[in-house]
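Right, one structure below, let's go through it.
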Amino acid sequence: MSDGARDTDATVTRDELHEVEDEFAREVAASEKREDARLLHQTDEADQEMGDRSMTEVVLTGGPWPDDDDTMIVNFGPQHPSTHGVLRVMVELDGERVLRVKPVIGYLHTGMEKTAEQLTYVQGGTNVTRMDYASPLSNELVYALAVERLLDLEVPERATWIRMLMAELNRMASHLLFQATNGLDLGALSMMLYGWREREMVLRFIEKVTGLRMNTNYIRPGGVAADLHDGWEDDALELCDLVETNLPDYEALLVENPIWLERMVGVGVLSTEEALSVNASGPILRSTGFGWDLRKAEPYLAYDEVDFDVVYAQNGDCFDRFRIRLYEIYESIKIVRQCVEKMPGGDYRADDLKVTPPPRARINESMEALIHHFKLFTEGFRVPAGETYVAIESPRGEIGCYIVSDGSGKPARLHIRGPSLNNLQAMEPMLKDTIIADAVAVISSVDPILGEVDR
Amino acid sequence: MPLDSIPHNFLTGRLEDLVRWARRHSVWPATFGLACCAIEMMAAGGAHYDIARYGMEVFRPSPRQADLMVVAGRLSQKMAPVLRQVYDQMVEPKWVISMGVCASTGGMFNNYALVQGVDQIVPVDVYVPGCPPHPETFLQGILTVHEQIRTGELLRRREERGGGAGIHIEETHVPA
């Protein structure tokens, strides 16, 4: 074999080698580009949420890091045990100090307001009750009141009182849930057990009346779904007594607990102006010294006929928000006792065959009753064209229902003003210039229900 | 040493059964509460229903220490990638309970916003019905998972034994 031949062979091999190397380099470049795009895609939401931020190159030299003028963005959630569901919070930190807070919502967006446009007014209750799932009866109540205002329908007195009774029981259940989760978030784990114990008692009564523990669809346009069961007075009074005997335990465990006070007093302070500027309501607003409660300010149902106090505090911190919810349970017990005492007789729903179904017994004997029943549950009823807004006090604040009707059997637009959404925005002034360790206490004390925030 | 010569205080059994027994009694769920069902899941952890009876009260916030993912509530399109990521972070062996009708089928919300059943995202072992399920229904679902652990395969991974809903997930990359 000559040298030339060997050279030729070698050249060919080198060419092939170059080709392979080029190919490899191209692949590496392409994969780097893909990786860059992927990283950019991952971080682009963060960019968008936190506004313009110039990219800085961090060089580790063994000195303090990050630099004094450098800030860090920490991401809470959406899968985080103390964010009450799927809240995502982005916190900009300077060391431990919180500079900015941005709640990122939408992780539980269910499209309920759109779904409401496809459901008849009869079916609508099943939809709205699933928004604020810790107090479903408030959602049903505000929806029913709005539909009734559009229909210009009077409900019997007994239905009004049953509604008030159930709404207050639901307020108790919701605030007990808050006691449990608030304790859980801050490490007072036994509160979790106590809170659930009392809440189960309330839920058992609600289940006995409505048939379900949550998402009851009990309060419907025209009245309520069913009358109270025999012996409900004794059940309700026994429940009130049990909860009332157990609540002093909560005070003993928490209100005088030095660790609890250390975590809560003076943390997440909010002023009345800040609360009003973001439309916060409920315990958040009342903790700032502004005793605004729609049950007193604009009485609906029969709240002007019962005796109760609006609980409010002056400091606007986490401890006040916790105390307000605790003492509101006592006020609710007071209202429930008065409901038992003053419950009027009569029908539990309006006697209007176009809106409420006929009694079950009538369906067997009356053709008209059967037709009405069939029409009501297939087509529902028509509501005169118009629009209305009704607001009530839910455990979380002012819950409002805005309905636009075009005269058909389904709402043209339904909007629920969820108090949690506005209360969540009060988080930024609360957390400003505090430390990151207080973030959990503040989020917990807002008590947001994400189902209502995102709907 | 022949077995006959061992006098007493001795149990024989298969190692497989021992492993299954141990696994069954220490299933740690990951906290993946989404909506209403999460409240009932927490109620099951409360004093009255007491999930601790089954050795399951240790709800792990970190998916890496969890064996069971309870998808409790409706899953929105925005949350779906997070769900998948949490599932991927869990180590085998792992099980998934789809709690409530929204998680199982989309429930009453057949619209643009919701994933119509989480089995499109992760393989599901047990579906718990209800809106929301009663804590007792949820406990029944947990017992069903325990039964699956007791009778199921020990070592082979779930894809091979055809576990879950048999959904194949294809990973798509962002175009360069």
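Ligands are numbered from 1 in the order shown, residues from 1 within each chain, and chains are lettered A, B, ... in the order they appear in the structure tokens.
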
Original post:
For chain A against chain B, which residues fall within 6 Å using only C-alpha atoms, given as a PyMOL selection string?
Top reply: chain A and resi 34+81+85+107-111+133+193+196

Please, could you write that set of residues out with C-alpha atoms as a PDB file, in the first residue's frame?
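And here's selection_34.pdb as it stands now:
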```pdb
ATOM      1  CA  ARG A  34     -34.331  24.713  23.372  1.00  0.00           C
ATOM      2  CA  PRO A  81     -49.795  23.795  52.961  1.00  0.00           C
ATOM      3  CA  GLY A  85     -55.878  25.981  48.856  1.00  0.00           C
ATOM      4  CA  TYR A 107     -55.426  28.393  40.010  1.00  0.00           C
ATOM      5  CA  LEU A 108     -58.970  27.426  40.927  1.00  0.00           C
ATOM      6  CA  HIS A 109     -60.755  29.287  38.157  1.00  0.00           C
ATOM      7  CA  THR A 110     -63.846  27.207  37.500  1.00  0.00           C
ATOM      8  CA  GLY A 111     -65.752  29.403  35.079  1.00  0.00           C
ATOM      9  CA  TYR A 133     -67.333  26.400  50.077  1.00  0.00           C
ATOM     10  CA  LEU A 193     -58.664  19.055  66.581  1.00  0.00           C
ATOM     11  CA  TRP A 196     -63.025  20.400  63.803  1.00  0.00           C
TER      12      TRP A 196
END
```

Set the distance at 8 Å and use only C-alpha atoms: which residues neighbour region 116-130 of chain B once local chain neighbours fewer than 5 positions away are removed? I'd like the list as a tab-separated table (two decimals) with C-alpha atoms, in the first residue's frame.
```tsv
chain	number	residue	atom	x	y	z
B	71	VAL	CA	-56.56	15.15	44.36
B	75	LEU	CA	-58.63	20.95	38.77
B	80	ALA	CA	-52.95	21.03	35.82
B	83	LEU	CA	-50.51	18.70	39.65
B	84	ARG	CA	-48.39	16.75	37.18
B	87	TYR	CA	-47.01	13.78	40.95
B	95	TRP	CA	-51.01	5.89	44.49
B	96	VAL	CA	-53.58	8.48	43.48
B	97	ILE	CA	-57.08	9.02	44.81
B	98	SER	CA	-59.37	11.22	42.77
B	99	MET	CA	-61.69	12.71	45.39
B	100	GLY	CA	-65.06	14.06	44.36
B	101	VAL	CA	-66.84	14.26	41.04
B	102	CYS	CA	-65.01	17.38	39.86
B	103	ALA	CA	-61.66	15.61	40.11
B	104	SER	CA	-63.07	12.43	38.61
B	105	THR	CA	-65.05	13.77	35.67
B	106	GLY	CA	-65.29	17.55	35.83
B	107	GLY	CA	-68.59	17.21	37.67
B	110	ASN	CA	-68.41	21.20	31.86
B	137	THR	CA	-66.86	7.88	51.75
B	138	PHE	CA	-63.32	9.15	51.66
B	141	GLY	CA	-61.68	5.09	49.27
B	144	THR	CA	-59.81	0.47	48.82
B	145	VAL	CA	-56.29	1.76	48.23
B	163	GLY	CA	-52.15	0.52	36.72
B	164	GLY	CA	-54.14	3.69	36.75
B	165	ALA	CA	-56.36	4.70	33.88
B	166	GLY	CA	-53.87	3.62	31.23
B	167	ILE	CA	-53.36	7.14	29.98
B	169	ILE	CA	-48.64	11.21	28.78
```

Subject >> Backbone DSSP call of helix (DSSP H, G or I) for region 68-98 of chain B, listed as a PyMOL selection string >> reply: chain B and resi 80-89

Ser394 (chain A): which residues within 6 Å, counting only C-alpha atoms, same-chain residues fewer than 3 positions away excluded, as a PDB file with C-alpha atoms, in the first residue's frame?
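Writing done, so here's part.pdb:
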```
ATOM      1  CA  SER A 138     -74.391  32.736  52.311  1.00  0.00           C
ATOM      2  CA  GLY A 397     -67.443  40.150  54.443  1.00  0.00           C
ATOM      3  CA  ILE A 399     -70.845  39.126  49.385  1.00  0.00           C
TER       4      ILE A 399
END
```

Subject >> Residue with smallest distance to Tyr389 (chain A) - pool A:Ser444, A:Ala146, A:Ile333, A:Glu154, counting only C-alpha atoms >> reply: A:Ala146

Polymer residues at most 12 Å from Phe205 (chain A), only C-alpha atoms, same-chain spacing of 3 or more positions, as a PDB file with N, CA and C atoms, in the first residue's frame:
```
ATOM      1  N   LEU A 165     -81.488  31.558  60.500  1.00  0.00           N
ATOM      2  CA  LEU A 165     -80.956  30.516  61.386  1.00  0.00           C
ATOM      3  C   LEU A 165     -79.816  29.766  60.709  1.00  0.00           C
ATOM      4  N   MET A 166     -80.062  29.349  59.456  1.00  0.00           N
ATOM      5  CA  MET A 166     -79.050  28.545  58.768  1.00  0.00           C
ATOM      6  C   MET A 166     -77.814  29.382  58.444  1.00  0.00           C
ATOM      7  N   LEU A 169     -75.776  29.612  61.587  1.00  0.00           N
ATOM      8  CA  LEU A 169     -75.097  28.345  61.874  1.00  0.00           C
ATOM      9  C   LEU A 169     -73.901  28.180  60.953  1.00  0.00           C
ATOM     10  N   ASN A 170     -74.086  28.606  59.698  1.00  0.00           N
ATOM     11  CA  ASN A 170     -72.994  28.493  58.750  1.00  0.00           C
ATOM     12  C   ASN A 170     -71.848  29.436  59.121  1.00  0.00           C
ATOM     13  N   MET A 172     -71.078  30.203  62.136  1.00  0.00           N
ATOM     14  CA  MET A 172     -70.361  29.505  63.211  1.00  0.00           C
ATOM     15  C   MET A 172     -69.406  28.470  62.632  1.00  0.00           C
ATOM     16  N   ALA A 173     -69.907  27.662  61.686  1.00  0.00           N
ATOM     17  CA  ALA A 173     -69.068  26.606  61.104  1.00  0.00           C
ATOM     18  C   ALA A 173     -67.848  27.207  60.424  1.00  0.00           C
ATOM     19  N   GLU A 198     -65.875  21.035  67.124  1.00  0.00           N
ATOM     20  CA  GLU A 198     -67.073  21.857  67.202  1.00  0.00           C
ATOM     21  C   GLU A 198     -67.740  21.999  65.832  1.00  0.00           C
ATOM     22  N   ARG A 199     -66.918  22.090  64.792  1.00  0.00           N
ATOM     23  CA  ARG A 199     -67.492  22.266  63.462  1.00  0.00           C
ATOM     24  C   ARG A 199     -68.329  21.043  63.077  1.00  0.00           C
ATOM     25  N   GLU A 200     -67.879  19.846  63.452  1.00  0.00           N
ATOM     26  CA  GLU A 200     -68.647  18.644  63.155  1.00  0.00           C
ATOM     27  C   GLU A 200     -70.042  18.722  63.779  1.00  0.00           C
ATOM     28  N   MET A 201     -70.116  19.280  65.003  1.00  0.00           N
ATOM     29  CA  MET A 201     -71.422  19.387  65.664  1.00  0.00           C
ATOM     30  C   MET A 201     -72.356  20.262  64.830  1.00  0.00           C
ATOM     31  N   VAL A 202     -71.825  21.396  64.368  1.00  0.00           N
ATOM     32  CA  VAL A 202     -72.656  22.296  63.573  1.00  0.00           C
ATOM     33  C   VAL A 202     -73.029  21.633  62.251  1.00  0.00           C
ATOM     34  N   LYS A 208     -78.619  17.393  58.996  1.00  0.00           N
ATOM     35  CA  LYS A 208     -79.942  16.913  59.366  1.00  0.00           C
ATOM     36  C   LYS A 208     -81.027  17.747  58.694  1.00  0.00           C
ATOM     37  N   VAL A 209     -80.798  19.042  58.575  1.00  0.00           N
ATOM     38  CA  VAL A 209     -81.813  19.927  57.984  1.00  0.00           C
ATOM     39  C   VAL A 209     -81.777  19.866  56.466  1.00  0.00           C
ATOM     40  N   THR A 210     -80.560  19.936  55.889  1.00  0.00           N
ATOM     41  CA  THR A 210     -80.463  20.112  54.445  1.00  0.00           C
ATOM     42  C   THR A 210     -80.174  18.823  53.699  1.00  0.00           C
ATOM     43  N   GLY A 211     -79.626  17.822  54.390  1.00  0.00           N
ATOM     44  CA  GLY A 211     -79.286  16.587  53.711  1.00  0.00           C
ATOM     45  C   GLY A 211     -77.832  16.515  53.305  1.00  0.00           C
ATOM     46  N   LEU A 212     -77.126  17.639  53.380  1.00  0.00           N
ATOM     47  CA  LEU A 212     -75.716  17.645  52.997  1.00  0.00           C
ATOM     48  C   LEU A 212     -74.922  18.446  54.016  1.00  0.00           C
ATOM     49  N   ARG A 213     -73.646  18.126  54.118  1.00  0.00           N
ATOM     50  CA  ARG A 213     -72.793  18.878  55.036  1.00  0.00           C
ATOM     51  C   ARG A 213     -72.338  20.190  54.420  1.00  0.00           C
ATOM     52  N   MET A 214     -71.986  20.136  53.151  1.00  0.00           N
ATOM     53  CA  MET A 214     -71.542  21.338  52.446  1.00  0.00           C
ATOM     54  C   MET A 214     -72.292  21.402  51.122  1.00  0.00           C
ATOM     55  N   LEU A 228     -87.824  22.589  58.581  1.00  0.00           N
ATOM     56  CA  LEU A 228     -86.974  22.049  59.639  1.00  0.00           C
ATOM     57  C   LEU A 228     -87.590  20.760  60.174  1.00  0.00           C
ATOM     58  N   HIS A 229     -86.732  19.854  60.633  1.00  0.00           N
ATOM     59  CA  HIS A 229     -87.227  18.561  61.088  1.00  0.00           C
ATOM     60  C   HIS A 229     -87.873  18.682  62.470  1.00  0.00           C
ATOM     61  N   GLY A 231     -88.383  18.444  66.254  1.00  0.00           N
ATOM     62  CA  GLY A 231     -87.423  18.470  67.356  1.00  0.00           C
ATOM     63  C   GLY A 231     -86.170  19.257  67.036  1.00  0.00           C
ATOM     64  N   TRP A 232     -86.217  20.122  66.021  1.00  0.00           N
ATOM     65  CA  TRP A 232     -85.013  20.894  65.666  1.00  0.00           C
ATOM     66  C   TRP A 232     -84.652  21.891  66.739  1.00  0.00           C
ATOM     67  N   GLU A 233     -85.692  22.340  67.515  1.00  0.00           N
ATOM     68  CA  GLU A 233     -85.406  23.330  68.558  1.00  0.00           C
ATOM     69  C   GLU A 233     -84.413  22.759  69.570  1.00  0.00           C
ATOM     70  N   ASP A 234     -84.701  21.502  69.986  1.00  0.00           N
ATOM     71  CA  ASP A 234     -83.827  20.891  70.982  1.00  0.00           C
ATOM     72  C   ASP A 234     -82.428  20.694  70.423  1.00  0.00           C
ATOM     73  N   ASP A 235     -82.370  20.224  69.145  1.00  0.00           N
ATOM     74  CA  ASP A 235     -81.063  20.016  68.510  1.00  0.00           C
ATOM     75  C   ASP A 235     -80.271  21.313  68.483  1.00  0.00           C
ATOM     76  N   ALA A 236     -80.952  22.402  68.079  1.00  0.00           N
ATOM     77  CA  ALA A 236     -80.244  23.678  67.921  1.00  0.00           C
ATOM     78  C   ALA A 236     -79.782  24.201  69.269  1.00  0.00           C
ATOM     79  N   LEU A 237     -80.645  24.096  70.281  1.00  0.00           N
ATOM     80  CA  LEU A 237     -80.255  24.620  71.599  1.00  0.00           C
ATOM     81  C   LEU A 237     -79.121  23.804  72.199  1.00  0.00           C
ATOM     82  N   GLU A 238     -79.196  22.468  71.997  1.00  0.00           N
ATOM     83  CA  GLU A 238     -78.136  21.598  72.511  1.00  0.00           C
ATOM     84  C   GLU A 238     -76.813  21.950  71.840  1.00  0.00           C
ATOM     85  N   LEU A 239     -76.896  22.187  70.529  1.00  0.00           N
ATOM     86  CA  LEU A 239     -75.697  22.571  69.775  1.00  0.00           C
ATOM     87  C   LEU A 239     -75.107  23.865  70.314  1.00  0.00           C
ATOM     88  N   CYS A 240     -75.994  24.855  70.539  1.00  0.00           N
ATOM     89  CA  CYS A 240     -75.514  26.139  71.044  1.00  0.00           C
ATOM     90  C   CYS A 240     -74.837  25.956  72.398  1.00  0.00           C
TER      91      CYS A 240
END
```

**OP:** List the neighbours of Ala22 (chain B) out to 12 Å using only C-alpha atoms; skip same-chain residues closer than 5 positions along the sequence, and give me the result as a PyMOL selection string.
**Re:** chain B and resi 15-17+27+54-55+146+149-150+154

Output for the residues just chosen: N, CA and C atoms as a PDB file, in the first residue's frame:
```pdb
ATOM      1  N   LEU B  15     -41.712 -12.640  52.747  1.00  0.00           N
ATOM      2  CA  LEU B  15     -41.207 -11.277  52.885  1.00  0.00           C
ATOM      3  C   LEU B  15     -42.150 -10.303  52.170  1.00  0.00           C
ATOM      4  N   GLU B  16     -42.685 -10.749  51.014  1.00  0.00           N
ATOM      5  CA  GLU B  16     -43.614  -9.920  50.249  1.00  0.00           C
ATOM      6  C   GLU B  16     -44.779  -9.455  51.121  1.00  0.00           C
ATOM      7  N   ASP B  17     -45.340 -10.423  51.861  1.00  0.00           N
ATOM      8  CA  ASP B  17     -46.501 -10.069  52.682  1.00  0.00           C
ATOM      9  C   ASP B  17     -46.125  -9.072  53.755  1.00  0.00           C
ATOM     10  N   VAL B  27     -49.275   4.603  54.811  1.00  0.00           N
ATOM     11  CA  VAL B  27     -49.444   5.388  53.593  1.00  0.00           C
ATOM     12  C   VAL B  27     -49.530   6.856  54.002  1.00  0.00           C
ATOM     13  N   TYR B  54     -55.655   4.665  60.558  1.00  0.00           N
ATOM     14  CA  TYR B  54     -55.048   3.909  59.465  1.00  0.00           C
ATOM     15  C   TYR B  54     -53.592   4.287  59.268  1.00  0.00           C
ATOM     16  N   GLY B  55     -53.017   4.980  60.231  1.00  0.00           N
ATOM     17  CA  GLY B  55     -51.613   5.382  60.111  1.00  0.00           C
ATOM     18  C   GLY B  55     -51.398   6.416  59.034  1.00  0.00           C
ATOM     19  N   HIS B 146     -55.811   0.633  50.327  1.00  0.00           N
ATOM     20  CA  HIS B 146     -55.109  -0.347  51.155  1.00  0.00           C
ATOM     21  C   HIS B 146     -55.263  -1.757  50.600  1.00  0.00           C
ATOM     22  N   ILE B 149     -53.040  -2.191  47.724  1.00  0.00           N
ATOM     23  CA  ILE B 149     -51.649  -2.383  48.127  1.00  0.00           C
ATOM     24  C   ILE B 149     -51.450  -3.812  48.605  1.00  0.00           C
ATOM     25  N   ARG B 150     -52.461  -4.337  49.307  1.00  0.00           N
ATOM     26  CA  ARG B 150     -52.340  -5.677  49.872  1.00  0.00           C
ATOM     27  C   ARG B 150     -52.288  -6.735  48.776  1.00  0.00           C
ATOM     28  N   LEU B 154     -45.652  -5.989  43.865  1.00  0.00           N
ATOM     29  CA  LEU B 154     -44.762  -5.378  44.847  1.00  0.00           C
ATOM     30  C   LEU B 154     -43.683  -4.532  44.197  1.00  0.00           C
TER      31      LEU B 154
END
```

**OP:** From chain B, collect each residue whose DSSP state is strand (DSSP E or B) and return the set as number ranges by chain.
**Re:** B: 29-30, 33, 60, 68-72, 76, 95-99, 114, 126-128

Dump of N, CA and C atoms for the selected residues, as a CSV table (one decimal), in the first residue's frame:
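Here's the written file result-v3.csv:
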```csv
chain,number,residue,atom,x,y,z
B,29,PRO,N,-50.2,10.6,52.9
B,29,PRO,CA,-50.8,11.3,51.8
B,29,PRO,C,-50.0,12.7,51.6
B,30,ALA,N,-50.0,13.1,50.4
B,30,ALA,CA,-49.5,14.5,50.1
B,30,ALA,C,-50.6,15.4,50.3
B,33,GLY,N,-54.8,19.8,48.5
B,33,GLY,CA,-56.2,20.2,48.6
B,33,GLY,C,-56.4,21.3,47.6
B,60,ARG,N,-48.1,15.0,54.3
B,60,ARG,CA,-46.8,15.6,54.0
B,60,ARG,C,-46.9,16.7,53.0
B,68,LEU,N,-49.2,8.8,48.7
B,68,LEU,CA,-50.5,8.8,48.2
B,68,LEU,C,-50.9,10.3,47.8
B,69,MET,N,-51.3,10.5,46.6
B,69,MET,CA,-51.8,11.9,46.3
B,69,MET,C,-53.3,11.9,46.3
B,70,VAL,N,-53.9,12.7,47.1
B,70,VAL,CA,-55.4,12.8,47.1
B,70,VAL,C,-55.7,14.1,46.3
B,71,VAL,N,-56.2,14.0,45.1
B,71,VAL,CA,-56.6,15.1,44.4
B,71,VAL,C,-58.0,15.5,44.8
B,72,ALA,N,-58.0,16.5,45.8
B,72,ALA,CA,-59.3,16.8,46.4
B,72,ALA,C,-59.8,18.1,45.8
B,76,SER,N,-58.3,23.1,37.7
B,76,SER,CA,-58.4,24.0,36.6
B,76,SER,C,-57.2,23.8,35.6
B,95,TRP,N,-49.6,6.1,44.9
B,95,TRP,CA,-51.0,5.9,44.5
B,95,TRP,C,-51.7,7.2,44.4
B,96,VAL,N,-52.8,7.2,43.7
B,96,VAL,CA,-53.6,8.5,43.5
B,96,VAL,C,-55.0,8.2,43.7
B,97,ILE,N,-55.6,9.0,44.6
B,97,ILE,CA,-57.1,9.0,44.8
B,97,ILE,C,-57.7,10.3,44.2
B,98,SER,N,-58.7,10.1,43.3
B,98,SER,CA,-59.4,11.2,42.8
B,98,SER,C,-60.6,11.4,43.6
B,99,MET,N,-60.6,12.5,44.4
B,99,MET,CA,-61.7,12.7,45.4
B,99,MET,C,-62.7,13.7,44.9
B,114,LEU,N,-62.1,24.0,33.4
B,114,LEU,CA,-61.8,22.8,34.2
B,114,LEU,C,-61.3,21.6,33.3
B,126,VAL,N,-58.1,5.1,42.6
B,126,VAL,CA,-59.4,5.0,43.2
B,126,VAL,C,-60.2,6.3,43.0
B,127,TYR,N,-61.4,6.2,42.5
B,127,TYR,CA,-62.3,7.4,42.4
B,127,TYR,C,-63.2,7.4,43.6
B,128,VAL,N,-63.3,8.5,44.3
B,128,VAL,CA,-64.3,8.6,45.4
B,128,VAL,C,-65.4,9.5,44.9
```

Subject >> Separation of CA of Thr272 (chain A) from CA of Val390 (chain A), in Å and rounded to one decimal >> reply: 24.1 Å

Subject >> Separation of CA of Pro411 (chain A) from CA of Val383 (chain A), in Å and rounded to one decimal >> reply: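 Here the two named atoms are 8.4 Å from each other.
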
Original post:
Can you tell me, as a list in words, what residues are no more than 12 Å from Lys354 (chain A) when counting only C-alpha atoms, ignoring any on the same chain fewer than 4 positions away?
Top reply: Tyr121, Val122, Leu151, Leu153, Pro221, Gly222, Ala350, Pro358, Glu368, Ala369, Ile371, His372, His373, Phe374, Lys375, Leu376, Phe377, Glu379, Gly380, Phe381, Arg382, Val383 and Gly409 of chain A

Written selection (N, CA and C atoms) as an mmCIF file, in the first residue's frame:
```cif
data_model
loop_
_atom_site.group_PDB
_atom_site.id
_atom_site.type_symbol
_atom_site.label_atom_id
_atom_site.label_comp_id
_atom_site.auth_asym_id
_atom_site.auth_seq_id
_atom_site.Cartn_x
_atom_site.Cartn_y
_atom_site.Cartn_z
ATOM 1 N N TYR A 121 -82.710 29.516 36.516
ATOM 2 C CA TYR A 121 -82.672 30.129 37.844
ATOM 3 C C TYR A 121 -82.869 29.084 38.939
ATOM 4 N N VAL A 122 -83.601 27.996 38.620
ATOM 5 C CA VAL A 122 -83.789 26.944 39.615
ATOM 6 C C VAL A 122 -82.473 26.213 39.863
ATOM 7 N N LEU A 151 -87.820 39.123 40.670
ATOM 8 C CA LEU A 151 -89.181 38.586 40.498
ATOM 9 C C LEU A 151 -90.202 39.424 41.254
ATOM 10 N N LEU A 153 -90.805 39.080 44.491
ATOM 11 C CA LEU A 153 -91.499 37.993 45.183
ATOM 12 C C LEU A 153 -91.305 38.143 46.684
ATOM 13 N N PRO A 221 -84.537 30.277 45.445
ATOM 14 C CA PRO A 221 -85.477 31.355 45.159
ATOM 15 C C PRO A 221 -86.891 30.936 45.552
ATOM 16 N N GLY A 222 -87.551 31.736 46.383
ATOM 17 C CA GLY A 222 -88.904 31.412 46.808
ATOM 18 C C GLY A 222 -88.981 30.843 48.211
ATOM 19 N N ALA A 350 -92.587 30.234 49.306
ATOM 20 C CA ALA A 350 -93.678 31.034 48.771
ATOM 21 C C ALA A 350 -94.680 30.146 48.040
ATOM 22 N N PRO A 358 -94.774 22.307 43.721
ATOM 23 C CA PRO A 358 -95.943 21.982 44.565
ATOM 24 C C PRO A 358 -95.545 20.928 45.592
ATOM 25 N N GLU A 368 -102.455 19.561 37.319
ATOM 26 C CA GLU A 368 -101.789 20.865 37.227
ATOM 27 C C GLU A 368 -100.498 20.876 38.048
ATOM 28 N N ALA A 369 -100.597 20.255 39.237
ATOM 29 C CA ALA A 369 -99.411 20.220 40.090
ATOM 30 C C ALA A 369 -98.284 19.473 39.385
ATOM 31 N N ILE A 371 -97.864 19.130 36.151
ATOM 32 C CA ILE A 371 -97.350 19.944 35.048
ATOM 33 C C ILE A 371 -96.430 21.028 35.576
ATOM 34 N N HIS A 372 -96.878 21.692 36.651
ATOM 35 C CA HIS A 372 -96.045 22.747 37.225
ATOM 36 C C HIS A 372 -94.691 22.192 37.670
ATOM 37 N N HIS A 373 -94.736 21.038 38.316
ATOM 38 C CA HIS A 373 -93.509 20.418 38.798
ATOM 39 C C HIS A 373 -92.569 20.123 37.634
ATOM 40 N N PHE A 374 -93.159 19.546 36.568
ATOM 41 C CA PHE A 374 -92.341 19.175 35.402
ATOM 42 C C PHE A 374 -91.751 20.418 34.746
ATOM 43 N N LYS A 375 -92.588 21.451 34.559
ATOM 44 C CA LYS A 375 -92.109 22.661 33.883
ATOM 45 C C LYS A 375 -91.020 23.348 34.708
ATOM 46 N N LEU A 376 -91.227 23.339 36.020
ATOM 47 C CA LEU A 376 -90.279 24.045 36.885
ATOM 48 C C LEU A 376 -88.898 23.410 36.808
ATOM 49 N N PHE A 377 -88.858 22.081 36.804
ATOM 50 C CA PHE A 377 -87.550 21.428 36.859
ATOM 51 C C PHE A 377 -86.958 21.163 35.483
ATOM 52 N N GLU A 379 -87.739 23.566 32.567
ATOM 53 C CA GLU A 379 -87.506 24.877 31.967
ATOM 54 C C GLU A 379 -87.211 25.962 32.994
ATOM 55 N N GLY A 380 -87.607 25.734 34.228
ATOM 56 C CA GLY A 380 -87.456 26.780 35.234
ATOM 57 C C GLY A 380 -88.527 27.835 35.047
ATOM 58 N N PHE A 381 -88.237 29.021 35.573
ATOM 59 C CA PHE A 381 -89.215 30.107 35.434
ATOM 60 C C PHE A 381 -88.553 31.293 34.756
ATOM 61 N N ARG A 382 -89.379 32.144 34.165
ATOM 62 C CA ARG A 382 -88.860 33.333 33.498
ATOM 63 C C ARG A 382 -88.805 34.484 34.481
ATOM 64 N N VAL A 383 -87.786 35.288 34.331
ATOM 65 C CA VAL A 383 -87.593 36.423 35.237
ATOM 66 C C VAL A 383 -87.685 37.694 34.405
ATOM 67 N N GLY A 409 -85.313 32.432 30.787
ATOM 68 C CA GLY A 409 -85.274 31.564 31.957
ATOM 69 C C GLY A 409 -83.885 31.403 32.536
#
```

Original post:
Between CA of Arg23 (chain B) and CA of Ile142 (chain B), what is the spacing in Å?
Top reply: 13.1 Å
